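Student: Structure in structure tokens, see below.
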Amino acid sequence: MRLIKNQIFVFITLLCISPIINAQNVDEIIDKHIKAHGGVEAWENIESMKVSGRFTAFSIEEDFFAIKTKEGQYYSELNLGKHKVLEAFNCNTGWTIDPWQEILYPRELKKAEINVFYQKAEFFTPFYKYKERGFEVQLLDNEDVDGIEMIVLELTRNNGKEEKWYLDPETYLEYKCESNWVDFAYPVPAETYFDDFRTVNGVVLPFFIERTFWQRDRILQIENIEFNINVDESIFEMPKSDHMKWLSFMV
Amino acid sequence: MFLLISTCKFLMKRKNTMKTIINYKWLLPLFLVVYAFSGFSQESKVDGWIQFRGAERDGISNESLSQFDCSKTQPELVWKKNIGSAFSELTISEGVVYTMVSEVVDSLTGTEYLAAFSEETGDEIWKTKVDSIYFDEDGWGNGTRSTPSIDDKYIFSFSGHGKLTANLKKDGSFVWQVDFVKEFGSKTPRWGFASSPLLLNGKVIMEVGGTESRAFMAFNKENGDIVWSSSNGAASHDSPLLATIEGQEQIIFANGRTLYSLIPEGDTLWTYNMPFGGATAIPILIPPNKLFLSAVRNPGFFVVKVENNKASEVLKGVSMKNDFSSCVYHEGYIYGFHVAAVRCISAETGEVKWTKRGYGKGSLILVDDKLIILSDKGKLVIADASPDAYNENCSVQAIDGKSWTAPSFYNGKVFVRNLTEMASYKLID
């Protein structure tokens, strides 16, 4: 009888401490992940960045650039097939000019798109200060991706959206991410692959990012990164359409 | 012909030739009837990469690559040539390369052509107009989508606006044309007509997408007359496959959400409700009696087994999702583009054996035991067709710009094209 009581006690104790063990494992992994990206100190010195390079959509490669700030603002200009697309996000909401949707003037981002812009605007890694940001992370069982047993972390953002991150067990850098994306503003699942990590000013970033969602394939090849640039805050605010400008005399 | 000559000699040797001829006069009509209904009336088999996806429409060339050693010899450029816009594959036979090209006059007008080029030099031999140009509203590329088929006497092409045309192989002169939109009520699919002609027993088999049970039709290759029509369904971007299953020659159409099997005479042998519609990749035969189909949908692929003229599903999964390029089957494995990554999966279980990213939405064919891969930006790659691992032998930037057309292979050479340019690369002499 006493033995059974002891066994039950040990079992309950193990159940209680298992999240702590798990949490330690998660934090250890995230710590190594952040160090692999150059470490907290290097990132703390960066307030803004401009990445530029080549963007491939529909098998056509064109120039692109994106501006990001530590606060989570985002602005980009890219060519998607025959159209130029502008996108901006001010940490909470944003706007786009996307002629693919047959709207030639600026429009506000839709709810499903905003979740995507949280991902696009991610300055460093979503695991940095994840607790302070209200994110939750759970360590899942390892999974085989392209023949490598990857460390798998499930990230739940503070908006409740889940992402599954696959970290290379050798480098602790991200290899793949499964998340919710949009295609013509409609939610679709996406797979993003990260490659060609390079060190710039002490921080490590992927210079090759390929994302597939539905039948789409988008590739970002970064050629240049500038840190701590002067950012004109007005780029994040939605401009008036040309039609509205004509009516401005009424205001 | 040998038998005919022998028969004549036999008759001439007889003492009373005239009497003998009278005695044997019943032989002539019998001979003609047998001749008409036998294989002797069929077009002789033309050698080469003669149609969409090659001789058997399976993306496979049986030429040997054993003499090609990537470590010693890189693919060598033979010629490169600017041609007008189109997505058609290059078909090759008897020293001539055939493909579709186009010329834009202004934003509203232009012309689609069938053109013939020297296999050796790439020089144009002839070029003939087949239709007005198909302009793609989304900007993906103008011109013909379909690949011309090579017959012993004719070339059959299918324009972006849906006109099936026969031209003489020797000089490109016009023979006949059928307009699917005007004559059969076909509706132009988004991004244009794209199905490639299938030649069989003196007929041109087409996915027409016409009204009044004219989804699939066969035309007399000599004059374009209708031989048979069958089934209901709109025109898609898929091309029919000719397969022999359980000894029965059958034409496989993936149209809408239905997989059709028709006998060469046009009667429906069996149908199967597919778990997805809108497949663009051609069906693949897994010998002896399975068919593999894939699309960028959920599920991404399925396999049916055909027994006693009935198809039943044996496998489906998400590990292979073909967009517009097709797979090849080789020794128990399927190789193809899973959205934008080259992948090998087991044809038995669907298990992913390996994945190679970086080639965008490219295309591939199989030559001997090598994959000939063309990336969507024109990089030509030769890799082992092995489930063990992705093993790249060598590569060359063969052609620049968006390359959505699968390569062709003939006479030891790879033929590639992008939207506006084509090239020939020699692998072996």
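Following the order of the structure tokens, first chain is A, next is B, and so on, with residues numbered from 1 inside each chain and ligands from 1 in the order they appear.
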Output as a Markdown table one row per residue of chain A within 10 Å of chain B: the closest atom pair and its distance in Å to one decimal place, counting only C-alpha atoms, sorted by chain and residue number ascending.
Tutor:
| residue | atom | partner | partner_atom | distance |
| --- | --- | --- | --- | --- |
| A:Thr56 | CA | B:Gly360 | CA | 9.1 |
| A:Ala57 | CA | B:Gly360 | CA | 9.5 |
| A:Phe58 | CA | B:Trp140 | CA | 7.8 |
| A:Ser59 | CA | B:Lys402 | CA | 5.5 |
| A:Ile60 | CA | B:Lys402 | CA | 6.0 |
| A:Glu61 | CA | B:Gly401 | CA | 8.4 |
| A:Gly81 | CA | B:Gly139 | CA | 7.2 |
| A:Lys82 | CA | B:Gly139 | CA | 6.2 |
| A:His83 | CA | B:Gly139 | CA | 9.5 |
| A:Trp100 | CA | B:Asp138 | CA | 9.1 |
| A:Val145 | CA | B:Thr355 | CA | 9.2 |
| A:Asp146 | CA | B:Thr355 | CA | 6.1 |
| A:Gly147 | CA | B:Trp354 | CA | 7.4 |
| A:Tyr193 | CA | B:Arg357 | CA | 9.2 |
| A:Phe208 | CA | B:Gly358 | CA | 9.8 |
| A:Glu210 | CA | B:Gly358 | CA | 8.4 |
| A:Arg211 | CA | B:Ala340 | CA | 9.5 |
| A:Thr212 | CA | B:Ala340 | CA | 7.5 |
| A:Phe213 | CA | B:Val339 | CA | 9.0 |
| A:Trp214 | CA | B:Val296 | CA | 7.1 |
| A:Gln215 | CA | B:Val296 | CA | 5.9 |
| A:Arg216 | CA | B:Val339 | CA | 7.6 |
| A:Asp217 | CA | B:Ala340 | CA | 6.3 |
| A:Arg218 | CA | B:Gly360 | CA | 8.7 |
| A:Ile219 | CA | B:Gly360 | CA | 8.6 |
Student: Do a neighbour search on Gly278 (chain B) at 10 Å with only C-alpha atoms, toss out local chain neighbours closer than 2 positions, and write the hits as an MDAnalysis selection string.
Tutor: chainID B and resid 236:238 254:258 276 280:281 294:297 323
Student: Hey, what does DSSP flag as helix (DSSP H, G or I) within region 8-250 of chain B? Can you give it to me as a VMD selection string?
Tutor: chain B and resid 8 to 13 17 to 23 27 to 37 39 to 41 180 to 184
Student: Tell me, which residues of region 56-233 of chain A carry DSSP strand (DSSP E or B), written as number ranges by chain?
Tutor: A: 56-57, 60-69, 73-80, 83-90, 94-97, 107-108, 136-145, 148-156, 162-167, 174-183, 186-200, 203-213, 216-227
Student: Neighbours of region 308-311 of chain B within 7 Å (only C-alpha atoms; same-chain residues fewer than 6 positions away dropped), as an MDAnalysis selection string?
Tutor: chainID B and resid 269:270 272
Student: For CA of Val96 (chain B) and CA of Phe337 (chain B), determine how far apart the two atoms are, in Å to one decimal place.
Tutor: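 Value for the CA of Val96 (chain B)-CA of Phe337 (chain B) distance: 29.3 Å.
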